[in-house]
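Everything below belongs to structure_28.txt, which stores compact mmCIF, C-alpha atoms and all ligand atoms.
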```txt
# COMPACT_ATOMS: atom_id res chain seq x y z
CA MET Q 28 105.32 61.42 116.88
CA GLN Q 29 108.23 59.39 118.06
CA VAL Q 30 110.59 61.00 120.50
CA THR Q 31 114.11 59.76 120.06
CA GLU Q 32 116.51 59.05 122.90
CA GLN Q 33 118.66 61.91 121.75
CA GLN Q 34 115.81 64.39 122.10
CA ARG Q 35 115.07 63.04 125.51
CA THR Q 36 118.54 63.75 126.74
CA GLU Q 37 118.11 67.36 125.66
CA ASN Q 38 115.16 67.62 127.95
CA PRO Q 39 116.04 70.12 130.68
CA LEU Q 40 113.47 68.58 132.98
CA LYS Q 41 115.14 65.23 132.72
CA THR Q 42 117.59 66.16 135.41
CA LEU Q 43 114.77 66.67 137.88
CA PRO Q 44 113.76 63.77 140.06
CA ILE Q 45 111.19 61.78 138.13
CA HIS Q 46 107.95 60.75 139.70
CA HIS Q 47 106.39 58.01 137.68
CA LYS Q 48 102.87 59.15 137.87
CA ARG Q 49 100.89 58.59 134.72
CA ILE Q 50 97.87 60.70 134.01
CA THR Q 51 95.25 58.18 133.03
CA ASN Q 52 93.66 58.44 129.63
CA LYS Q 53 90.30 57.65 131.05
CA SER Q 54 89.72 61.00 132.67
CA MET Q 55 90.65 62.75 129.45
CA ASN Q 56 88.11 60.86 127.39
CA ASP Q 57 85.27 61.83 129.63
CA GLU Q 58 83.03 64.72 128.79
CA ILE Q 59 84.77 67.95 129.73
CA ASN Q 60 83.29 69.63 132.73
CA HIS Q 61 83.29 73.30 131.77
CA LYS Q 62 81.79 74.38 135.05
CA GLU Q 63 84.60 72.73 136.95
CA LEU Q 64 87.30 74.23 134.71
CA ALA Q 65 85.75 77.68 134.99
CA ASP Q 66 85.49 77.34 138.78
CA TRP Q 67 89.15 76.31 139.05
CA LEU Q 68 90.29 79.21 136.87
CA THR Q 69 88.20 81.61 138.92
CA ALA Q 70 89.59 80.20 142.19
CA VAL Q 71 93.15 80.65 140.92
CA GLY Q 72 92.38 84.15 139.72
CA GLN Q 73 90.59 85.31 142.84
CA ASP Q 74 92.11 83.28 145.67
CA ARG Q 75 95.46 82.04 144.30
CA ASP Q 76 94.09 78.58 145.04
CA LYS Q 77 96.94 76.08 144.59
CA GLN Q 78 94.72 72.99 144.64
CA ALA Q 79 92.58 74.46 141.86
CA PHE Q 80 95.76 75.18 139.92
CA THR Q 81 96.94 71.60 140.40
CA ASN Q 82 93.63 70.40 138.98
CA LEU Q 83 94.01 72.68 135.97
CA PHE Q 84 97.59 71.55 135.51
CA LYS Q 85 96.60 67.89 135.48
CA PHE Q 86 93.81 68.53 133.02
CA PHE Q 87 95.60 70.79 130.54
CA SER Q 88 99.27 69.87 130.59
CA PRO Q 89 98.99 66.44 128.86
CA LYS Q 90 96.90 68.06 126.13
CA ILE Q 91 99.28 70.99 125.73
CA LEU Q 92 102.20 68.57 125.63
CA ARG Q 93 100.52 66.53 122.89
CA ILE Q 94 99.66 69.57 120.77
CA SER Q 95 103.10 71.14 121.14
CA SER Q 96 104.92 67.89 120.48
CA SER Q 97 103.18 67.48 117.15
CA LYS Q 98 103.87 71.10 116.27
CA PHE Q 99 107.51 71.41 117.27
CA ASN Q 100 108.74 67.85 117.06
CA THR Q 101 110.94 67.91 120.10
CA GLN Q 102 109.88 67.15 123.59
CA ALA Q 103 112.20 69.74 125.13
CA ILE Q 104 110.29 72.56 123.43
CA ALA Q 105 106.95 70.93 124.17
CA ASN Q 106 107.89 70.80 127.85
CA GLU Q 107 108.85 74.45 127.76
CA ILE Q 108 105.45 75.32 126.28
CA VAL Q 109 103.71 73.37 129.04
CA GLN Q 110 105.74 75.17 131.70
CA GLU Q 111 105.31 78.64 130.18
CA THR Q 112 101.60 78.20 129.42
CA MET Q 113 100.79 76.94 132.90
CA THR Q 114 102.90 79.73 134.44
CA ASN Q 115 100.86 82.27 132.49
CA VAL Q 116 97.63 80.55 133.50
CA TRP Q 117 98.76 80.99 137.12
CA ARG Q 118 99.78 84.61 136.65
CA LYS Q 119 96.91 85.72 134.40
CA ALA Q 120 93.92 83.78 135.68
CA HIS Q 121 92.46 86.97 137.20
CA LEU Q 122 91.98 88.20 133.62
CA TYR Q 123 89.70 85.26 132.77
CA SER Q 124 86.00 85.88 133.06
CA ALA Q 125 83.63 82.92 133.25
CA ASP Q 126 80.89 85.12 131.82
CA LYS Q 127 82.67 85.96 128.60
CA GLY Q 128 84.17 82.87 127.04
CA ALA Q 129 84.85 79.18 127.49
CA PRO Q 130 87.73 78.29 129.83
CA THR Q 131 89.19 76.11 127.08
CA THR Q 132 89.27 79.04 124.65
CA TRP Q 133 91.04 81.18 127.20
CA VAL Q 134 93.72 78.57 127.88
CA TYR Q 135 94.08 77.99 124.14
CA THR Q 136 94.95 81.67 123.56
CA VAL Q 137 97.47 81.60 126.42
CA MET Q 138 99.10 78.51 124.89
CA ARG Q 139 99.01 80.00 121.37
CA ASN Q 140 100.74 83.18 122.57
CA VAL Q 141 103.44 81.22 124.37
CA SER Q 142 104.08 79.10 121.24
CA PHE Q 143 104.20 82.20 119.07
CA ASP Q 144 106.80 83.93 121.24
CA LEU Q 145 108.82 80.74 121.51
CA LEU Q 146 108.73 80.11 117.77
CA ARG Q 147 109.96 83.65 117.27
CA LYS Q 148 112.74 83.13 119.79
CA ILE Q 149 113.90 80.04 117.89
CA GLN Q 150 113.54 81.43 114.36
CA SER Q 151 114.50 85.07 114.80
CA LYS Q 152 116.62 84.89 117.95
CA LYS Q 153 114.43 87.59 119.46
CA GLU Q 154 113.40 87.53 123.09
CA ASP Q 155 110.57 90.03 122.67
CA THR Q 156 107.04 89.07 123.65
CA LEU Q 157 105.08 90.62 120.84
CA SER Q 158 102.13 88.28 121.37
CA ASP Q 159 100.68 90.50 124.11
CA ASP Q 160 100.43 93.37 121.62
CA ILE Q 161 99.23 91.29 118.68
CA TRP Q 162 96.54 89.52 120.71
CA PRO Q 163 95.67 91.93 123.54
CA THR Q 164 93.15 90.68 126.08
CA LEU Q 165 89.98 92.18 124.75
CA ASP Q 166 86.36 91.70 125.47
CA VAL Q 167 84.78 89.31 123.05
CA ALA Q 168 81.79 90.88 121.40
CA ASP Q 169 78.65 88.96 122.34
CA GLU Q 170 76.12 91.06 120.56
CA GLU Q 171 76.53 90.14 116.96
CA GLU Q 172 75.52 86.51 116.92
CA THR Q 173 71.97 87.23 118.00
CA GLU Q 174 71.70 89.63 115.10
CA PHE Q 175 72.51 86.82 112.71
CA ALA Q 176 70.26 84.47 114.62
CA ASP Q 177 67.24 86.53 113.63
CA HIS Q 178 68.00 85.99 109.99
CA ILE Q 179 67.57 82.27 109.78
CA GLU Q 180 64.18 80.73 110.10
CA ASN Q 181 63.48 77.98 112.57
CA GLN Q 182 62.68 75.61 109.70
CA LYS Q 183 66.13 76.02 108.25
CA VAL Q 184 67.79 75.62 111.62
CA LEU Q 185 65.83 72.44 112.21
CA ALA Q 186 67.03 71.01 108.91
CA LEU Q 187 70.64 71.76 109.76
CA LEU Q 188 70.54 70.76 113.41
CA ASP Q 189 71.89 67.27 112.76
CA SER Q 190 75.04 68.68 111.25
CA LEU Q 191 76.07 70.08 114.63
CA PRO Q 192 77.83 68.26 117.45
CA GLU Q 193 75.54 67.25 120.29
CA LYS Q 194 76.79 69.95 122.69
CA GLN Q 195 76.08 72.68 120.16
CA GLN Q 196 72.66 71.21 119.33
CA GLN Q 197 71.72 71.66 122.98
CA VAL Q 198 72.36 75.39 123.03
CA ILE Q 199 70.75 75.92 119.62
CA LYS Q 200 67.61 74.04 120.67
CA GLY Q 201 67.31 76.08 123.83
CA PHE Q 202 68.04 79.32 122.04
CA TYR Q 203 65.80 78.84 119.00
CA PHE Q 204 62.99 76.59 120.05
CA MET Q 205 62.64 77.30 123.73
CA GLU Q 206 63.64 80.93 123.34
CA MET Q 207 65.80 80.79 126.41
CA SER Q 208 68.26 83.56 127.15
CA GLN Q 209 71.96 82.76 127.35
CA GLU Q 210 71.77 83.15 131.12
CA GLN Q 211 68.82 80.74 131.37
CA LEU Q 212 70.65 78.23 129.18
CA ALA Q 213 73.72 78.43 131.40
CA GLN Q 214 71.52 77.74 134.43
CA HIS Q 215 69.60 74.96 132.71
CA LEU Q 216 72.69 73.16 131.33
CA ASN Q 217 74.80 73.85 134.42
CA LEU Q 218 77.47 75.54 132.32
CA PRO Q 219 79.41 78.77 132.79
CA LEU Q 220 77.81 81.62 130.88
CA GLY Q 221 80.98 82.09 128.87
CA THR Q 222 80.85 78.50 127.65
CA VAL Q 223 77.24 78.92 126.53
CA LYS Q 224 78.23 82.04 124.62
CA SER Q 225 81.20 80.25 123.11
CA ARG Q 226 79.11 77.24 122.01
CA LEU Q 227 76.42 79.46 120.61
CA ARG Q 228 78.99 81.41 118.61
CA LEU Q 229 80.48 78.19 117.27
CA ALA Q 230 77.09 76.69 116.43
CA LEU Q 231 75.77 79.83 114.77
CA ASN Q 232 78.95 80.12 112.76
CA LYS Q 233 78.54 76.55 111.52
CA LEU Q 234 74.89 77.15 110.67
CA LYS Q 235 75.87 80.33 108.87
CA GLN Q 236 78.41 78.46 106.78
CA HIS Q 237 75.75 75.92 105.80
CA VAL Q 238 73.25 78.61 104.92
CA ASP Q 239 75.84 80.51 102.88
CA LEU Q 240 76.78 77.33 101.10
CA GLN Q 241 73.18 76.62 100.22
CA LEU Q 242 72.63 80.12 98.93
CA GLY Q 243 75.88 79.91 97.00
CA ASP Q 244 77.08 83.09 98.62
CA ASN Q 245 80.62 84.09 97.98
CA HIS Q 246 82.17 86.16 100.74
CA ASP Q 247 85.43 87.39 99.29
CA MET Z 17 84.91 101.08 103.21
CA ILE Z 18 87.56 98.37 103.55
CA LYS Z 19 87.52 96.14 100.47
CA HIS Z 20 90.72 94.15 100.86
CA HIS Z 21 90.99 91.47 103.54
CA PRO Z 22 93.46 88.75 104.54
CA ASN Z 23 92.50 85.38 103.04
CA THR Z 24 91.32 82.42 105.11
CA GLU Z 25 94.72 80.75 105.04
CA LEU Z 26 96.36 83.81 106.58
CA LEU Z 27 93.61 84.21 109.18
CA SER Z 28 93.95 80.60 110.19
CA GLY Z 29 97.76 80.86 110.44
CA HIS Z 30 97.20 83.90 112.63
CA VAL Z 31 94.83 82.01 114.92
CA ASN Z 32 97.35 79.17 115.26
CA GLY Z 33 100.22 81.55 115.99
CA GLN Z 34 102.21 80.25 113.03
CA LEU Z 35 102.71 83.41 110.98
CA PRO Z 36 105.76 85.67 111.14
CA ALA Z 37 105.22 88.52 113.62
CA SER Z 38 105.12 91.01 110.74
CA LEU Z 39 102.09 89.33 109.12
CA SER Z 40 100.28 88.58 112.37
CA ALA Z 41 100.68 92.21 113.44
CA ALA Z 42 99.30 93.33 110.07
CA ILE Z 43 96.26 91.09 110.53
CA ALA Z 44 95.76 92.38 114.08
CA MET Z 45 95.82 95.97 112.82
CA HIS Z 46 93.43 95.13 109.99
CA ASN Z 47 91.05 93.44 112.43
CA GLU Z 48 90.97 96.50 114.65
CA LEU Z 49 89.32 98.26 111.71
CA CYS Z 50 87.44 95.27 110.24
CA PRO Z 51 84.74 93.72 112.46
CA GLN Z 52 84.07 91.05 109.83
CA CYS Z 53 87.60 89.58 109.95
CA ALA Z 54 87.77 90.10 113.71
CA ARG Z 55 84.69 87.93 114.07
CA THR Z 56 86.07 85.28 111.72
CA VAL Z 57 89.21 85.13 113.85
CA ASN Z 58 87.13 84.78 117.03
CA ASN Z 59 85.19 81.93 115.50
CA MET Z 60 88.32 80.19 114.27
CA THR Z 61 89.86 80.56 117.72
CA GLU Z 62 86.82 78.91 119.33
CA GLU Z 63 87.08 76.10 116.81
CA GLN Z 64 90.79 75.59 117.37
CA ALA Z 65 90.29 75.58 121.13
CA GLU Z 66 87.61 72.97 120.71
CA LEU Z 67 89.80 70.82 118.47
CA SER Z 68 92.68 71.17 120.92
CA PHE Z 69 90.97 70.47 124.21
CA GLU Z 70 87.52 68.99 123.67
CA GLN Z 71 88.38 65.98 121.62
CA SER Z 72 89.67 62.79 123.10
CA PRO Z 73 93.42 62.57 122.67
CA GLY Z 74 93.20 59.19 120.95
CA GLU Z 75 96.28 57.10 120.35
CA ALA Z 76 98.70 59.95 120.03
CA THR Z 77 99.24 60.25 123.77
CA ASN Z 78 101.13 56.99 123.83
CA ASP Z 79 104.00 58.58 121.97
CA ILE Z 80 104.45 61.35 124.44
CA ASP Z 81 106.52 60.90 127.50
CA PHE Z 82 104.51 62.73 130.08
CA ASN Z 83 106.44 60.91 132.76
CA ALA Z 84 109.44 63.02 131.92
CA ILE Z 85 107.69 65.94 133.54
CA ASP Z 86 107.79 66.07 137.28
CA ILE Z 87 104.32 67.41 137.87
CA GLU Z 88 104.58 68.16 141.57
CA GLN Z 89 107.89 69.92 141.15
CA MET Z 90 106.65 72.05 138.26
CA ILE Z 91 103.46 73.02 140.05
CA ALA Z 92 105.42 73.95 143.19
CA ALA Z 93 107.83 76.06 141.16
CA ILE Z 94 105.04 77.89 139.34
CA THR Z 95 102.89 78.58 142.38
CA SER Z 96 105.82 79.71 144.55
CA ASP Z 97 105.68 82.99 142.67
CA GLU Z 98 102.70 84.88 144.03
CA SER Z 99 102.91 87.82 141.67
CA ILE Z 100 100.25 88.34 139.04
CA GLU Z 101 100.51 89.80 135.62
CA LEU Z 102 98.69 93.09 135.34
CA LEU Z 103 96.95 93.91 132.13
CA ALA Z 104 99.16 96.21 130.12
CA GLU Z 105 97.43 99.49 129.61
CA ASP Z 106 96.61 100.55 126.10
CA VAL Z 107 98.64 103.74 125.90
CA PRO Z 108 98.09 105.72 122.71
CA MET Z 109 101.31 106.27 120.78
CA THR Z 110 101.91 108.71 118.00
CA VAL Z 111 104.77 109.33 115.65
CA THR Z 112 105.52 112.49 113.72
CA VAL Z 113 106.86 112.08 110.20
CA LYS Z 114 107.67 115.17 108.18
CA GLY Z 115 105.39 117.28 110.33
CA GLN Z 116 102.47 114.84 110.14
CA ASP Z 117 101.18 113.08 113.27
CA TYR Z 118 100.23 109.43 112.98
CA LYS Z 119 98.70 107.04 115.51
CA ILE Z 120 100.72 103.86 115.97
CA PRO Z 121 98.43 100.84 116.47
CA ARG Z 122 98.98 98.67 119.52
CA ALA Z 123 100.20 95.63 117.56
CA ILE Z 124 103.44 97.33 116.57
CA GLN Z 125 104.06 99.62 119.53
CA HIS Z 126 106.86 97.48 120.94
CA MET Z 127 108.48 96.50 117.67
CA PRO Z 128 112.01 97.85 117.47
CA MET Z 129 111.94 100.60 114.85
CA GLY Z 130 114.91 102.02 112.98
CA LYS Z 131 115.53 105.64 111.97
CA TRP Z 132 113.30 107.43 109.46
CA ASN Z 133 114.95 107.88 106.05
CA SER Z 134 113.61 109.97 103.19
CA PHE Z 135 113.79 109.33 99.45
CA GLY Z 136 111.98 112.26 97.89
CA LYS Z 137 108.37 112.13 99.08
CA ILE Z 138 108.81 108.69 100.56
CA THR Z 139 109.93 108.35 104.16
CA ARG Z 140 110.54 104.95 105.65
CA ALA Z 141 111.51 103.31 108.93
CA ARG Z 142 112.46 99.65 109.08
CA MET Z 143 111.11 97.41 111.80
CA ASP Z 144 113.92 95.27 113.16
CA LEU Z 145 112.16 91.92 113.41
CA ASN Z 146 114.95 89.72 112.09
CA GLU Z 147 112.67 87.59 109.91
CA GLY Z 148 115.17 86.62 107.19
CA ASP Z 149 114.11 87.74 103.70
CA ILE Z 150 110.95 89.31 105.05
CA HIS Z 151 111.35 93.07 105.39
CA THR Z 152 108.89 95.11 107.39
CA SER Z 153 108.59 98.88 107.36
CA LEU Z 154 106.47 101.86 108.11
CA LEU Z 155 106.20 103.90 104.94
CA GLN Z 156 104.97 107.45 104.75
CA ILE Z 157 104.17 109.01 101.40
CA ALA Z 158 103.84 112.78 101.47
CA PRO Z 159 100.90 114.41 99.63
CA GLY Z 160 101.39 114.16 95.87
CA GLY Z 161 103.98 111.41 96.22
CA SER Z 162 104.11 107.98 94.59
CA VAL Z 163 106.07 104.74 94.68
CA PRO Z 164 107.74 103.95 91.32
CA GLU Z 165 106.34 100.97 89.43
CA HIS Z 166 107.89 97.81 90.78
CA THR Z 167 107.46 94.09 91.22
CA HIS Z 168 108.59 91.71 93.92
CA LYS Z 169 110.23 88.36 93.94
CA GLY Z 170 107.93 87.19 96.67
CA PHE Z 171 104.83 88.71 98.21
CA GLU Z 172 104.27 92.32 99.05
CA LEU Z 173 101.73 93.34 101.65
CA THR Z 174 100.63 96.91 102.12
CA LEU Z 175 98.38 97.67 105.07
CA LEU Z 176 97.09 101.20 104.83
CA LEU Z 177 97.08 102.68 108.33
CA GLN Z 178 96.11 106.27 107.75
CA GLY Z 179 95.22 108.44 104.75
CA SER Z 180 94.51 107.00 101.31
CA PHE Z 181 96.21 106.11 98.05
CA LYS Z 182 95.36 104.73 94.64
CA ASP Z 183 96.99 102.53 92.05
CA GLU Z 184 96.06 100.90 88.72
CA MET Z 185 93.53 98.70 90.51
CA GLY Z 186 91.64 101.25 92.54
CA THR Z 187 91.61 103.45 95.60
CA TYR Z 188 92.30 102.31 99.13
CA VAL Z 189 91.26 103.36 102.61
CA ALA Z 190 92.68 102.82 106.10
CA GLY Z 191 92.50 99.13 107.01
CA ASP Z 192 92.80 97.83 103.45
CA PHE Z 193 95.03 94.77 103.43
CA ILE Z 194 96.61 94.66 99.98
CA MET Z 195 98.51 91.47 99.27
CA LEU Z 196 100.32 91.21 95.93
CA ASP Z 197 102.34 88.32 94.59
CA GLY Z 198 105.45 88.52 92.40
CA GLU Z 199 103.33 88.65 89.22
CA HIS Z 200 101.67 91.95 89.91
CA GLN Z 201 103.10 95.39 89.65
CA HIS Z 202 101.65 98.64 90.80
CA THR Z 203 102.43 102.33 91.26
CA PRO Z 204 100.69 103.60 94.38
CA GLU Z 205 100.21 107.36 94.48
CA THR Z 206 98.59 109.57 97.06
CA THR Z 207 96.96 112.96 96.86
CA ASP Z 208 96.69 113.71 100.56
CA GLY Z 209 99.49 111.56 101.93
CA CYS Z 210 99.37 108.27 103.82
CA LEU Z 211 101.09 105.96 106.28
CA CYS Z 212 101.42 102.27 105.44
CA PHE Z 213 102.75 99.18 107.17
CA THR Z 214 104.53 97.11 104.54
CA VAL Z 215 105.80 93.56 104.57
CA ALA Z 216 107.76 92.31 101.58
CA ASP Z 217 109.46 89.04 100.89
CA GLY Z 218 112.61 89.57 98.79
CA ALA Z 219 113.92 92.68 97.10
CA GLN Z 220 111.73 94.63 94.72
CA HIS Z 221 112.52 95.33 91.09
CA PHE Z 222 111.55 98.53 89.39
CA THR Z 223 110.33 97.82 85.92
CA GLN Z 224 110.07 101.00 83.90
CA GLY Z 225 112.38 103.39 82.05
CA ILE Z 226 114.11 105.88 84.24
CA ASN Z 227 112.95 104.02 87.31
CA LYS Z 228 115.33 101.23 86.43
CA LEU Z 229 117.99 103.60 87.59
CA LEU Z 230 116.35 103.44 90.98
CA ASN Z 231 116.86 99.71 91.26
CA PRO Z 232 119.89 99.97 93.51
CA ILE Z 233 117.73 101.74 96.06
CA GLY Z 234 114.77 99.46 95.38
CA SER Z 235 115.35 97.38 98.43
CA LEU Z 236 115.64 100.56 100.42
CA ILE Z 237 112.02 101.47 99.94
CA TYR Z 238 109.86 98.45 100.72
ZN ZN I 301 88.72 92.17 106.96
```
How does the structure come out when it is put into structure tokens?
Amino acid sequence: MQVTEQQRTENPLKTLPIHHKRITNKSMNDEINHKELADWLTAVGQDRDKQAFTNLFKFFSPKILRISSSKFNTQAIANEIVQETMTNVWRKAHLYSADKGAPTTWVYTVMRNVSFDLLRKIQSKKEDTLSDDIWPTLDVADEEETEFADHIENQKVLALLDSLPEKQQQVIKGFYFMEMSQEQLAQHLNLPLGTVKSRLRLALNKLKQHVDLQLGDNHD
Amino acid sequence: MIKHHPNTELLSGHVNGQLPASLSAAIAMHNELCPQCARTVNNMTEEQAELSFEQSPGEATNDIDFNAIDIEQMIAAITSDESIELLAEDVPMTVTVKGQDYKIPRAIQHMPMGKWNSFGKITRARMDLNEGDIHTSLLQIAPGGSVPEHTHKGFELTLLLQGSFKDEMGTYVAGDFIMLDGEHQHTPETTDGCLCFTVADGAQHFTQGINKLLNPIGSLIY
């Protein structure tokens, strides 16, 4: 998306002193370190650790800016989403649990809620924050995926394994063929437990879609 | 058992935060009663998070002026506030309509609600969401009551919150997410009474005989 000069002048942050510090693309292309992200979030949540927050800010804000810019088409709003999302990350980090879900999923829901309330403010001129009621912070159920897991045979999983991204293949291999528990996998792969659960959910969901497709099931 | 669910397009709009508050709230209330859709939404959320943060940003970043943000200043401003946001408690809320008590689900507890108005056995309160042509209401039908046959210009969603009703197409239970387009018409009726959350796009038109006389109040019901 191209940002015009006119949109730039609307940018409320423009009046602030500008530090020309570019976040390099290189670090963003590297494999994401879930353990690190989870540790930073936990440090912010438990110790109000400002350095950890700075690390999170540098990791997430360019991505949030990119996503919001393509969604809202003006940089002023995208900047506001960055500011609001990171403010909520700072204020709500104690609600994140590294054992329950991936840090990226948690930040995504914070960003989604901020965008939702902002979209509503623009379209309906309402300042309410209904997102907290519509998407309350709830425990993600971890039990159900294992139930499904029992239903597909190893042979079938093996045949479908290649259709999964590498990171999801890892957890599926450990889970199905080495019969490791989620906790053991987290240890073995040096990942937060929540990320293992998240990847397993994603992978099993993809496998399930393939199996359903093959059986010609129609879930409507 | 719940037989009527939001379609994939609606669920995905919900996950992305792109639906009107009325529809997203309806999906949230459906999901509270429907583990199947709740799980689909969880999976879609994981997928969206992955798409958003796991993939390399590619060329697109060049178009975005990240330099316009003063990182240090923003971080300092955010972290200068030491307060934390406490998790809002889930306080049960009930409403009494014509002597009947109803539980109000969390998703709509803070929506501004207008006064209850009765038209025969139908009692309705508008939600003041300011979403243009989209009108959102809580609708109570007293035992033995029915909604006159009608169609809509746009869509009409009925989410059954409590009780049951039936129409030409079948019977419905709490949690059923009944989405009709402008083509369909129906005449819901209830034996034991019910409370519904309704979202309609555009005014409704009553289609039959004497009910045509009701047309002027048509938009007053849904
Ligand atoms: Zn459902």
Please report as a Markdown table every residue of chain Z lying within 6 Å of ligand ZN 301 (chain I), along with the nearest atom pair and their distance in Å (one decimal), using all atoms listed in the file.
```
| residue | atom | partner | partner_atom | distance |
| --- | --- | --- | --- | --- |
| Z:His21 | CA | I:ZN301 | ZN | 4.2 |
| Z:Cys50 | CA | I:ZN301 | ZN | 4.7 |
| Z:Gln52 | CA | I:ZN301 | ZN | 5.6 |
| Z:Cys53 | CA | I:ZN301 | ZN | 4.1 |
```
Worksheet item: Leaving out Q:Ser95 and any residue of its chain fewer than 3 positions from it, which residues lie within 9 Å of it when counting all atoms listed in the file, given as a PyMOL selection string?
Response: chain Q and resi 90-92+98-102+104-106+108-109+142
Save the residues we just selected, C-alpha atoms, as a CSV table (one decimal), in the frame of the given file?
```csv
chain,number,residue,atom,x,y,z
Q,90,LYS,CA,96.9,68.1,126.1
Q,91,ILE,CA,99.3,71.0,125.7
Q,92,LEU,CA,102.2,68.6,125.6
Q,98,LYS,CA,103.9,71.1,116.3
Q,99,PHE,CA,107.5,71.4,117.3
Q,100,ASN,CA,108.7,67.8,117.1
Q,101,THR,CA,110.9,67.9,120.1
Q,102,GLN,CA,109.9,67.2,123.6
Q,104,ILE,CA,110.3,72.6,123.4
Q,105,ALA,CA,107.0,70.9,124.2
Q,106,ASN,CA,107.9,70.8,127.8
Q,108,ILE,CA,105.4,75.3,126.3
Q,109,VAL,CA,103.7,73.4,129.0
Q,142,SER,CA,104.1,79.1,121.2
```
Skip Z:Ile100 itself and residues of its chain fewer than 5 positions away, then list as a PDB file with C-alpha atoms, in the frame of the given file all residues within 8 Å of it, counting all atoms listed in the file.
```
ATOM      1  CA  TRP Q 117      98.760  80.990 137.120  1.00  0.00           C
ATOM      2  CA  ARG Q 118      99.780  84.610 136.650  1.00  0.00           C
ATOM      3  CA  LYS Q 119      96.910  85.720 134.400  1.00  0.00           C
TER       4      LYS Q 119
END
```
Discussion item. Please identify all residues of chain Z having at least one atom at most 8 Å from any atom of chain Q, considering all atoms listed in the file, and return them as an MDAnalysis selection string.
Written reply: chainID Z and resid 31:34 36:37 40:41 44 58:59 61:66 68:73 76:77 79:80 82:87 90:91 94:95 98:103 122:127 145:148
Mind writing the picked residues with C-alpha atoms as an mmCIF file, in the coordinates of the input?
```
data_model
loop_
_atom_site.group_PDB
_atom_site.id
_atom_site.type_symbol
_atom_site.label_atom_id
_atom_site.label_comp_id
_atom_site.auth_asym_id
_atom_site.auth_seq_id
_atom_site.Cartn_x
_atom_site.Cartn_y
_atom_site.Cartn_z
ATOM 1 C CA VAL Z 31 94.830 82.010 114.920
ATOM 2 C CA ASN Z 32 97.350 79.170 115.260
ATOM 3 C CA GLY Z 33 100.220 81.550 115.990
ATOM 4 C CA GLN Z 34 102.210 80.250 113.030
ATOM 5 C CA PRO Z 36 105.760 85.670 111.140
ATOM 6 C CA ALA Z 37 105.220 88.520 113.620
ATOM 7 C CA SER Z 40 100.280 88.580 112.370
ATOM 8 C CA ALA Z 41 100.680 92.210 113.440
ATOM 9 C CA ALA Z 44 95.760 92.380 114.080
ATOM 10 C CA ASN Z 58 87.130 84.780 117.030
ATOM 11 C CA ASN Z 59 85.190 81.930 115.500
ATOM 12 C CA THR Z 61 89.860 80.560 117.720
ATOM 13 C CA GLU Z 62 86.820 78.910 119.330
ATOM 14 C CA GLU Z 63 87.080 76.100 116.810
ATOM 15 C CA GLN Z 64 90.790 75.590 117.370
ATOM 16 C CA ALA Z 65 90.290 75.580 121.130
ATOM 17 C CA GLU Z 66 87.610 72.970 120.710
ATOM 18 C CA SER Z 68 92.680 71.170 120.920
ATOM 19 C CA PHE Z 69 90.970 70.470 124.210
ATOM 20 C CA GLU Z 70 87.520 68.990 123.670
ATOM 21 C CA GLN Z 71 88.380 65.980 121.620
ATOM 22 C CA SER Z 72 89.670 62.790 123.100
ATOM 23 C CA PRO Z 73 93.420 62.570 122.670
ATOM 24 C CA ALA Z 76 98.700 59.950 120.030
ATOM 25 C CA THR Z 77 99.240 60.250 123.770
ATOM 26 C CA ASP Z 79 104.000 58.580 121.970
ATOM 27 C CA ILE Z 80 104.450 61.350 124.440
ATOM 28 C CA PHE Z 82 104.510 62.730 130.080
ATOM 29 C CA ASN Z 83 106.440 60.910 132.760
ATOM 30 C CA ALA Z 84 109.440 63.020 131.920
ATOM 31 C CA ILE Z 85 107.690 65.940 133.540
ATOM 32 C CA ASP Z 86 107.790 66.070 137.280
ATOM 33 C CA ILE Z 87 104.320 67.410 137.870
ATOM 34 C CA MET Z 90 106.650 72.050 138.260
ATOM 35 C CA ILE Z 91 103.460 73.020 140.050
ATOM 36 C CA ILE Z 94 105.040 77.890 139.340
ATOM 37 C CA THR Z 95 102.890 78.580 142.380
ATOM 38 C CA GLU Z 98 102.700 84.880 144.030
ATOM 39 C CA SER Z 99 102.910 87.820 141.670
ATOM 40 C CA ILE Z 100 100.250 88.340 139.040
ATOM 41 C CA GLU Z 101 100.510 89.800 135.620
ATOM 42 C CA LEU Z 102 98.690 93.090 135.340
ATOM 43 C CA LEU Z 103 96.950 93.910 132.130
ATOM 44 C CA ARG Z 122 98.980 98.670 119.520
ATOM 45 C CA ALA Z 123 100.200 95.630 117.560
ATOM 46 C CA ILE Z 124 103.440 97.330 116.570
ATOM 47 C CA GLN Z 125 104.060 99.620 119.530
ATOM 48 C CA HIS Z 126 106.860 97.480 120.940
ATOM 49 C CA MET Z 127 108.480 96.500 117.670
ATOM 50 C CA LEU Z 145 112.160 91.920 113.410
ATOM 51 C CA ASN Z 146 114.950 89.720 112.090
ATOM 52 C CA GLU Z 147 112.670 87.590 109.910
ATOM 53 C CA GLY Z 148 115.170 86.620 107.190
#
```
Fill in: Selection near Z:Phe193, 7 Å with all atoms listed in the file, sequence-local residues under 5 positions removed, as a list in words
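Near neighbours after the sequence-gap exclusion: His20, His21, Pro22, His46, Thr174, Leu175 and Leu176 of chain Z.
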Fill in: One-decimal distance in Å that lies between atom CA of Z:Asp106 and atom CA of Z:Ala216
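Atom CA of Z:Ala216 sits 28.2 Å away from atom CA of Z:Asp106.
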Fill in: Gap from atom CA of Z:Leu196 to atom CA of Z:Gly179 - Å, one decimal
20.0 Å
